[in-house]
Structures are given as structure tokens and as C-alpha cells.
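> Data: start.tsv, TSV, C-alpha atoms.
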```tsv
chain	number	residue	atom	x	y	z
A	232	MET	CA	-8.08	11.80	14.19
A	233	SER	CA	-10.96	13.51	12.43
A	234	ARG	CA	-14.18	11.55	12.86
A	235	GLN	CA	-14.46	11.61	9.09
A	236	TYR	CA	-11.47	9.28	8.71
A	237	ARG	CA	-11.16	6.62	11.41
A	238	TYR	CA	-9.36	4.11	9.18
A	239	ILE	CA	-6.68	5.47	6.83
A	240	VAL	CA	-4.58	3.38	4.46
A	241	VAL	CA	-1.38	4.64	2.82
A	242	GLU	CA	-0.49	2.79	-0.36
A	243	GLY	CA	1.86	2.99	-3.33
A	244	PRO	CA	4.54	0.98	-5.13
A	245	SER	CA	7.57	-0.37	-3.29
A	246	GLY	CA	10.03	2.31	-2.22
A	247	VAL	CA	7.67	5.29	-2.57
A	248	GLY	CA	7.58	6.03	1.18
A	249	LYS	CA	4.25	4.67	2.37
A	250	THR	CA	5.52	3.14	5.61
A	251	ALA	CA	7.27	6.32	6.72
A	252	LEU	CA	4.13	8.36	6.02
A	253	ALA	CA	1.88	5.84	7.78
A	254	ARG	CA	4.09	6.06	10.87
A	255	ARG	CA	3.97	9.84	10.86
A	256	LEU	CA	0.20	9.99	10.35
A	257	ALA	CA	-0.37	7.50	13.19
A	258	GLU	CA	1.84	9.58	15.47
A	259	HIS	CA	0.13	12.81	14.47
A	260	TYR	CA	-3.39	11.44	14.95
A	261	GLN	CA	-2.37	9.33	18.01
A	262	SER	CA	-3.95	6.32	16.34
A	263	ARG	CA	-3.07	2.66	16.09
A	264	LEU	CA	-0.51	1.66	13.47
A	265	LEU	CA	-0.71	-1.46	11.33
A	266	LEU	CA	2.35	-2.24	9.19
A	267	ASP	CA	2.95	-4.80	6.49
A	268	ALA	CA	5.59	-7.32	7.59
A	269	PRO	CA	7.40	-8.82	4.58
A	270	GLU	CA	10.20	-10.02	6.86
A	271	ASP	CA	7.73	-12.50	8.38
A	272	ASN	CA	7.07	-14.23	5.05
A	273	PRO	CA	9.28	-17.36	5.05
A	274	PHE	CA	9.00	-17.78	1.28
A	275	LEU	CA	10.22	-14.31	0.31
A	276	PRO	CA	13.99	-15.07	0.25
A	277	ARG	CA	13.28	-18.14	-1.87
A	278	PHE	CA	11.09	-16.07	-4.18
A	279	TYR	CA	13.97	-13.65	-4.79
A	280	ALA	CA	16.19	-16.62	-5.69
A	281	ASP	CA	13.63	-18.44	-7.87
A	282	PRO	CA	10.57	-16.24	-8.64
A	283	GLN	CA	8.81	-18.67	-10.95
A	284	ARG	CA	8.91	-21.56	-8.48
A	285	TYR	CA	8.04	-19.63	-5.33
A	286	ALA	CA	5.64	-16.92	-6.55
A	287	LEU	CA	2.47	-18.79	-5.55
A	288	PRO	CA	3.48	-19.84	-2.00
A	289	THR	CA	4.89	-16.34	-1.44
A	290	GLN	CA	1.62	-14.70	-2.45
A	291	LEU	CA	-0.50	-17.10	-0.42
A	292	ALA	CA	1.69	-16.52	2.63
A	293	PHE	CA	1.26	-12.75	2.20
A	294	LEU	CA	-2.50	-13.11	1.80
A	295	PHE	CA	-2.96	-15.16	4.99
A	296	GLN	CA	-0.52	-12.97	6.92
A	297	ARG	CA	-2.36	-9.77	6.00
A	298	LEU	CA	-5.74	-11.34	6.70
A	299	ARG	CA	-4.55	-12.33	10.19
A	300	GLN	CA	-3.29	-8.80	10.82
A	301	LEU	CA	-6.60	-7.25	9.80
A	302	GLU	CA	-8.68	-9.80	11.70
A	303	GLU	CA	-6.67	-9.20	14.88
A	304	THR	CA	-7.52	-5.50	14.72
A	305	ALA	CA	-11.22	-6.05	13.98
A	306	GLN	CA	-12.40	-5.45	17.55
A	307	PRO	CA	-15.50	-3.42	18.52
A	308	ASP	CA	-13.29	-0.54	19.73
A	309	LEU	CA	-11.04	-0.67	16.65
A	310	PHE	CA	-11.79	2.86	15.51
A	311	ASP	CA	-12.01	4.57	18.93
A	312	SER	CA	-8.49	5.88	18.49
A	313	GLY	CA	-8.35	5.38	14.73
A	314	LEU	CA	-6.15	3.12	12.63
A	315	VAL	CA	-3.46	3.90	10.05
A	316	ALA	CA	-2.14	1.05	7.88
A	317	ASP	CA	0.57	0.96	5.24
A	318	PHE	CA	-1.15	-1.64	3.10
A	319	LEU	CA	-4.46	-2.14	1.34
A	320	LEU	CA	-5.42	-5.79	1.15
A	321	GLU	CA	-6.42	-5.41	-2.51
A	322	LYS	CA	-2.78	-4.76	-3.34
A	323	ASP	CA	-2.10	-8.42	-2.59
A	324	ALA	CA	-4.18	-9.38	-5.61
A	325	LEU	CA	-2.40	-6.72	-7.65
A	326	PHE	CA	0.96	-8.36	-6.98
A	327	ALA	CA	-0.50	-11.81	-7.61
A	328	GLU	CA	-1.80	-10.79	-11.03
A	329	LEU	CA	1.61	-9.44	-11.93
A	330	LEU	CA	3.69	-12.39	-10.69
A	331	LEU	CA	1.62	-15.56	-11.09
A	332	SER	CA	0.89	-17.70	-14.12
A	333	ASN	CA	-2.71	-17.75	-15.37
A	334	ASP	CA	-3.55	-21.04	-13.62
A	335	GLU	CA	-1.90	-19.98	-10.38
A	336	TYR	CA	-3.66	-16.62	-10.44
A	337	SER	CA	-7.03	-18.31	-10.99
A	338	LEU	CA	-6.43	-20.51	-7.94
A	339	TYR	CA	-5.24	-17.55	-5.89
A	340	LEU	CA	-8.25	-15.45	-6.93
A	341	ASP	CA	-10.72	-18.14	-5.83
A	342	LEU	CA	-9.16	-18.13	-2.36
A	343	TYR	CA	-8.92	-14.35	-2.23
A	344	GLN	CA	-12.58	-13.79	-3.07
A	345	LYS	CA	-13.78	-16.34	-0.50
A	346	LEU	CA	-11.62	-14.97	2.32
A	347	THR	CA	-11.91	-11.20	1.96
A	348	SER	CA	-15.62	-10.48	1.57
A	349	ASN	CA	-16.31	-9.27	5.13
A	350	LEU	CA	-13.33	-7.04	5.88
A	351	PRO	CA	-13.93	-3.34	6.70
A	352	GLN	CA	-13.17	-0.77	4.02
A	353	PRO	CA	-10.95	2.24	4.77
A	354	ASP	CA	-12.47	5.68	5.30
A	355	LEU	CA	-9.61	7.16	3.25
A	356	VAL	CA	-6.91	5.73	1.00
A	357	ILE	CA	-3.83	7.87	0.35
A	358	CYS	CA	-1.99	6.58	-2.71
A	359	LEU	CA	1.56	7.88	-3.12
A	360	GLN	CA	2.56	7.94	-6.76
A	361	ALA	CA	5.56	8.84	-8.90
A	362	SER	CA	6.76	8.18	-12.40
A	363	PRO	CA	8.52	4.85	-12.98
A	364	ASN	CA	11.80	6.64	-13.71
A	365	TRP	CA	11.61	8.66	-10.48
A	366	LEU	CA	10.81	5.53	-8.48
A	367	VAL	CA	13.78	3.57	-9.88
A	368	GLU	CA	16.19	6.42	-9.14
A	369	HIS	CA	14.73	6.94	-5.67
A	370	VAL	CA	15.19	3.26	-4.75
A	371	ARG	CA	18.76	3.29	-6.08
A	372	ARG	CA	19.67	6.37	-4.03
A	373	HIS	CA	18.18	5.09	-0.77
A	374	ASN	CA	19.29	1.45	-1.03
A	375	TYR	CA	16.25	0.08	0.77
A	376	PRO	CA	17.20	-3.12	2.64
A	377	HIS	CA	13.77	-4.70	2.05
A	378	LEU	CA	14.16	-4.39	-1.73
A	379	PRO	CA	17.46	-6.25	-2.17
A	380	GLN	CA	16.72	-8.00	-5.44
A	381	VAL	CA	13.79	-6.13	-6.97
A	382	GLY	CA	14.98	-5.21	-10.43
A	383	ASP	CA	14.28	-1.96	-12.27
A	384	GLY	CA	11.90	-3.72	-14.64
A	385	LEU	CA	9.70	-5.00	-11.82
A	386	LEU	CA	9.68	-1.59	-10.13
A	387	ARG	CA	8.53	0.01	-13.37
A	388	ARG	CA	5.80	-2.58	-13.89
A	389	LEU	CA	4.65	-2.14	-10.29
A	390	ALA	CA	4.40	1.64	-10.71
A	391	GLN	CA	2.35	1.21	-13.87
A	392	ARG	CA	0.13	-1.47	-12.29
A	393	TYR	CA	-0.54	0.70	-9.23
A	394	SER	CA	-1.48	3.58	-11.49
A	395	SER	CA	-3.93	1.43	-13.44
A	396	PHE	CA	-5.39	-0.12	-10.29
A	397	PHE	CA	-6.08	3.18	-8.54
A	398	TYR	CA	-7.40	4.73	-11.72
A	399	ARG	CA	-10.29	2.25	-11.36
A	400	TYR	CA	-10.46	2.13	-7.56
A	401	GLN	CA	-13.84	3.19	-6.12
A	402	ASP	CA	-14.20	1.31	-2.81
A	403	ALA	CA	-13.21	4.25	-0.56
A	404	PRO	CA	-12.41	7.97	-0.83
A	405	LEU	CA	-9.03	8.29	-2.54
A	406	LEU	CA	-6.36	10.98	-2.35
A	407	MET	CA	-3.68	10.59	-5.02
A	408	VAL	CA	-0.44	12.25	-3.91
A	409	ASN	CA	2.44	12.90	-6.29
A	410	VAL	CA	5.58	12.66	-4.15
A	411	GLU	CA	8.16	13.74	-6.72
A	412	HIS	CA	8.29	17.30	-5.33
A	413	LEU	CA	7.28	16.50	-1.73
A	414	GLN	CA	9.52	15.83	1.25
A	415	LEU	CA	6.94	14.40	3.64
A	416	GLU	CA	9.52	13.87	6.37
A	417	GLN	CA	9.79	17.66	6.55
A	418	ASP	CA	7.25	19.52	8.70
A	419	ALA	CA	6.24	22.04	6.04
A	420	ASP	CA	5.34	19.46	3.39
A	421	PHE	CA	3.69	17.18	5.94
A	422	ALA	CA	1.52	20.12	7.04
A	423	LEU	CA	0.53	20.70	3.41
A	424	LEU	CA	-0.61	17.10	3.15
A	425	LEU	CA	-2.58	17.29	6.41
A	426	ARG	CA	-4.37	20.39	5.17
A	427	ARG	CA	-5.16	18.64	1.90
A	428	ILE	CA	-6.62	15.69	3.81
A	429	ASN	CA	-8.78	18.00	5.93
A	430	GLU	CA	-10.04	19.83	2.84
A	431	MET	CA	-11.10	16.69	0.95
A	432	ARG	CA	-14.71	16.86	-0.17
A	433	GLY	CA	-14.93	14.49	-3.14
A	434	GLN	CA	-14.55	10.75	-3.59
A	435	ARG	CA	-11.34	11.14	-5.61
A	436	GLU	CA	-8.91	14.05	-5.39
A	437	PHE	CA	-5.32	14.77	-6.38
A	438	PHE	CA	-2.49	16.55	-4.60
A	439	ASN	CA	0.60	17.75	-6.44
A	440	LYS	CA	2.80	20.32	-4.76
A	441	GLY	CA	3.72	21.77	-8.12
A	442	ASP	CA	0.08	22.68	-8.92
```
Go through the file and emit its structure as C-alpha cells.

Amino acid sequence: MSRQYRYIVVEGPSGVGKTALARRLAEHYQSRLLLDAPEDNPFLPRFYADPQRYALPTQLAFLFQRLRQLEETAQPDLFDSGLVADFLLEKDALFAELLLSNDEYSLYLDLYQKLTSNLPQPDLVICLQASPNWLVEHVRRHNYPHLPQVGDGLLRRLAQRYSSFFYRYQDAPLLMVNVEHLQLEQDADFALLLRRINEMRGQREFFNKGD
């Protein structure tokens, strides 16, 4: 991995392809891979059945799970081989703001701010983005098993919330990638993305294959 980017995060709304890209980048750069693990959250099935009742314990479980994952990788030699992750911890708060009541979110935010102050920031964040309509159709076509009960309305709100969040994001260099005309599992398009990463010079840049 280029010494410029020892810690890369791939982010984006559910179903946009961030995990597949993170895997491919880690393989290409021969770096360590850190993946989100929603299947390890014991509250998630109950949240799907009763979102209002189980939103807070689900979010807290995700927060502590992701903190443990990041803390386990925070060794002195962490970046010797580089690290690619398919989640940005800040996205946990993004989901919490969307799903929790005002009182629950205030409680969650107090915990979040106390627990996350000393974590390392990525050297590069790659945010995969697409229009809400494209995202809904993409999820329908691919029938993702980890999105069994996420309705179209939530997917659309997530896409819009991600867009707003990364519009303001300034904590690390950011490459916004429109995936609507990209097939990143194909070698040619993946090579285009790698070249775009290598050519980054600014704090915030955009990549759209159609441009």
C-alpha cells in the first residue's frame, strides 16, 4: 500500500458495495482487512421485528462491537502492512441519529463522545454513493441476505443521510465515488479507481466514470 494511505476506510449506504470493495482493496494492497459484523449483534433480529423497542440496544451493541474491533487492531505495528476497513465509526452515530428518539439519541451521544475521542483517523475515506432510486433497485436485484427487512423508505433516508454527512465530513481525505456506472468487481473499472486513488492531491475529490 502506498505510504500515503496506510489506513483506508470504504463507506456508503447499505447495499452499495463497500464490503466487496474493501476486500478487493485489501487483497490488492496485501493489507489487513477489518469488516463490520452485523451478524454478531444479538439485538439486530429483534430490531427488525420491533424497531422502536430495540433501536437503542441495537445501536449500543454496534457501538461497543465496533470499538472493540478498532481497539484490537490498535497495535504499534498496525500500519506496517496497512489496514482496509468497510466501516467508519462515525457512521454509527449517523444511524443512531436516524433511528433513535431524541432522548435516546442524547444518551447515545454522551456515550459515543466519551468513548471515541482517542481512536486513529483514516488516511483516506472512500465513500461509495448512488442516488436513492438506484440504491433501492440495486438492493432489490441482488437480494442481499443481510438486508432482509430494510424497507425502501429506510434505504432512501440512509442514502440521503450519508450524502449530507459526507458533504460536511472533514476529518480525513475523502474520495467520493459514484458507483452507478462502475462495475468495481471488473478489472478495468477497479484499475480506474486505483489510478484515481493514486492521483489524489486534494482533501476532497470526486470520481464519476461518466465524467
> Taking into account all atoms listed in the file, which residue in the set A:Ala316, A:Leu355, A:Leu366, A:Ala327 is nearest to Gln391 (chain A)?
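Nearest candidate to Gln391 (chain A) out of A:Ala316, A:Leu355, A:Leu366, A:Ala327: A:Leu366.
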> Could you tell me which of A:Glu258, A:Leu350, A:Gln344, A:His412 comes closest to Thr304 (chain A) if we count only C-alpha atoms?
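For Thr304 (chain A), the nearest of the given residues is A:Leu350.
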> Compute the distance from (16.0, 11.1, 0.3) to each atom, counting all atoms listed in the file, keep the residues with any atom at most 10 Å away, and return them as a PyMOL selection string; use the coordinates of the file.
chain A and resi 248+369-370+372-373+414+416
> Suppose you want the space between CA of Asp317 (chain A) and CA of Met407 (chain A); what is it in Å?
14.7 Å
> Which polymer residues, whether protein, DNA or RNA, lie within 9 Å of the coordinate (4.8, 3.5, -3.4) when you count all atoms listed in the file? List them as a list in words, using the chain letters and numbers from the file.
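Those residues, ordered by chain and then number, are Val241, Glu242, Gly243, Pro244, Ser245, Gly246, Val247, Gly248, Lys249, Cys358, Leu359, Gln360, Ala361, Leu366, Leu389, Ala390 and Tyr393 of chain A.
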> I want to know what sits within 10 Å of region 285-296 of chain A, based on all atoms listed in the file, with residues of the same chain fewer than 3 positions away left out; could you give that as a ChimeraX atom specification?
/A:267-269,271-282,299-302,320-324,326-327,330-332,335-336,338-339,342-343,346-347
> Store the residues picked out above, limited to C-alpha atoms, as a PDB file, in the coordinates of the input.

```pdb
ATOM      1  CA  ASP A 267       2.950  -4.800   6.490  1.00  0.00           C
ATOM      2  CA  ALA A 268       5.590  -7.320   7.590  1.00  0.00           C
ATOM      3  CA  PRO A 269       7.400  -8.820   4.580  1.00  0.00           C
ATOM      4  CA  ASP A 271       7.730 -12.500   8.380  1.00  0.00           C
ATOM      5  CA  ASN A 272       7.070 -14.230   5.050  1.00  0.00           C
ATOM      6  CA  PRO A 273       9.280 -17.360   5.050  1.00  0.00           C
ATOM      7  CA  PHE A 274       9.000 -17.780   1.280  1.00  0.00           C
ATOM      8  CA  LEU A 275      10.220 -14.310   0.310  1.00  0.00           C
ATOM      9  CA  PRO A 276      13.990 -15.070   0.250  1.00  0.00           C
ATOM     10  CA  ARG A 277      13.280 -18.140  -1.870  1.00  0.00           C
ATOM     11  CA  PHE A 278      11.090 -16.070  -4.180  1.00  0.00           C
ATOM     12  CA  TYR A 279      13.970 -13.650  -4.790  1.00  0.00           C
ATOM     13  CA  ALA A 280      16.190 -16.620  -5.690  1.00  0.00           C
ATOM     14  CA  ASP A 281      13.630 -18.440  -7.870  1.00  0.00           C
ATOM     15  CA  PRO A 282      10.570 -16.240  -8.640  1.00  0.00           C
ATOM     16  CA  ARG A 299      -4.550 -12.330  10.190  1.00  0.00           C
ATOM     17  CA  GLN A 300      -3.290  -8.800  10.820  1.00  0.00           C
ATOM     18  CA  LEU A 301      -6.600  -7.250   9.800  1.00  0.00           C
ATOM     19  CA  GLU A 302      -8.680  -9.800  11.700  1.00  0.00           C
ATOM     20  CA  LEU A 320      -5.420  -5.790   1.150  1.00  0.00           C
ATOM     21  CA  GLU A 321      -6.420  -5.410  -2.510  1.00  0.00           C
ATOM     22  CA  LYS A 322      -2.780  -4.760  -3.340  1.00  0.00           C
ATOM     23  CA  ASP A 323      -2.100  -8.420  -2.590  1.00  0.00           C
ATOM     24  CA  ALA A 324      -4.180  -9.380  -5.610  1.00  0.00           C
ATOM     25  CA  PHE A 326       0.960  -8.360  -6.980  1.00  0.00           C
ATOM     26  CA  ALA A 327      -0.500 -11.810  -7.610  1.00  0.00           C
ATOM     27  CA  LEU A 330       3.690 -12.390 -10.690  1.00  0.00           C
ATOM     28  CA  LEU A 331       1.620 -15.560 -11.090  1.00  0.00           C
ATOM     29  CA  SER A 332       0.890 -17.700 -14.120  1.00  0.00           C
ATOM     30  CA  GLU A 335      -1.900 -19.980 -10.380  1.00  0.00           C
ATOM     31  CA  TYR A 336      -3.660 -16.620 -10.440  1.00  0.00           C
ATOM     32  CA  LEU A 338      -6.430 -20.510  -7.940  1.00  0.00           C
ATOM     33  CA  TYR A 339      -5.240 -17.550  -5.890  1.00  0.00           C
ATOM     34  CA  LEU A 342      -9.160 -18.130  -2.360  1.00  0.00           C
ATOM     35  CA  TYR A 343      -8.920 -14.350  -2.230  1.00  0.00           C
ATOM     36  CA  LEU A 346     -11.620 -14.970   2.320  1.00  0.00           C
ATOM     37  CA  THR A 347     -11.910 -11.200   1.960  1.00  0.00           C
TER      38      THR A 347
END
```
> Can you sort out the box for region 337-348 of chain A, edges along x, y and z, all listed atoms in, 4 Å on every side, with centre and edge lengths in Å to one decimal, as JSON?

```
{"center_x": -10.4, "center_y": -15.5, "center_z": -4.3, "size_x": 18.4, "size_y": 18.0, "size_z": 21.3}
```
> Can you work out which one of A:Leu386, A:Leu314, A:Leu252, A:Ile357 has the shortest atom-to-atom distance to Asp420 (chain A), counting all atoms listed in the file?
A:Leu252
> Within 10 Å of Ile428 (chain A), counting all atoms listed in the file, which residues qualify if same-chain residues fewer than 6 places away don't, as a VMD selection string?
chain A and resid 233 236 355 357 406 422 436 438
> Only C-alpha atoms, please: the residues just picked out, written as an mmCIF file, in the frame of the given file.

```
data_model
loop_
_atom_site.group_PDB
_atom_site.id
_atom_site.type_symbol
_atom_site.label_atom_id
_atom_site.label_comp_id
_atom_site.auth_asym_id
_atom_site.auth_seq_id
_atom_site.Cartn_x
_atom_site.Cartn_y
_atom_site.Cartn_z
ATOM 1 C CA SER A 233 -10.960 13.510 12.430
ATOM 2 C CA TYR A 236 -11.470 9.280 8.710
ATOM 3 C CA LEU A 355 -9.610 7.160 3.250
ATOM 4 C CA ILE A 357 -3.830 7.870 0.350
ATOM 5 C CA LEU A 406 -6.360 10.980 -2.350
ATOM 6 C CA ALA A 422 1.520 20.120 7.040
ATOM 7 C CA GLU A 436 -8.910 14.050 -5.390
ATOM 8 C CA PHE A 438 -2.490 16.550 -4.600
#
```
> Go ahead and compute the interatomic distance for CA of His259 (chain A) and CA of Asp402 (chain A), in Å to one decimal.
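Rounded to one decimal, the two atoms are 25.2 Å apart.
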> Quote the spacing between CA of Leu405 (chain A) and CA of Gln434 (chain A) in Å to one decimal place.
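Taking CA of Leu405 (chain A) and CA of Gln434 (chain A), their separation equals 6.1 Å.
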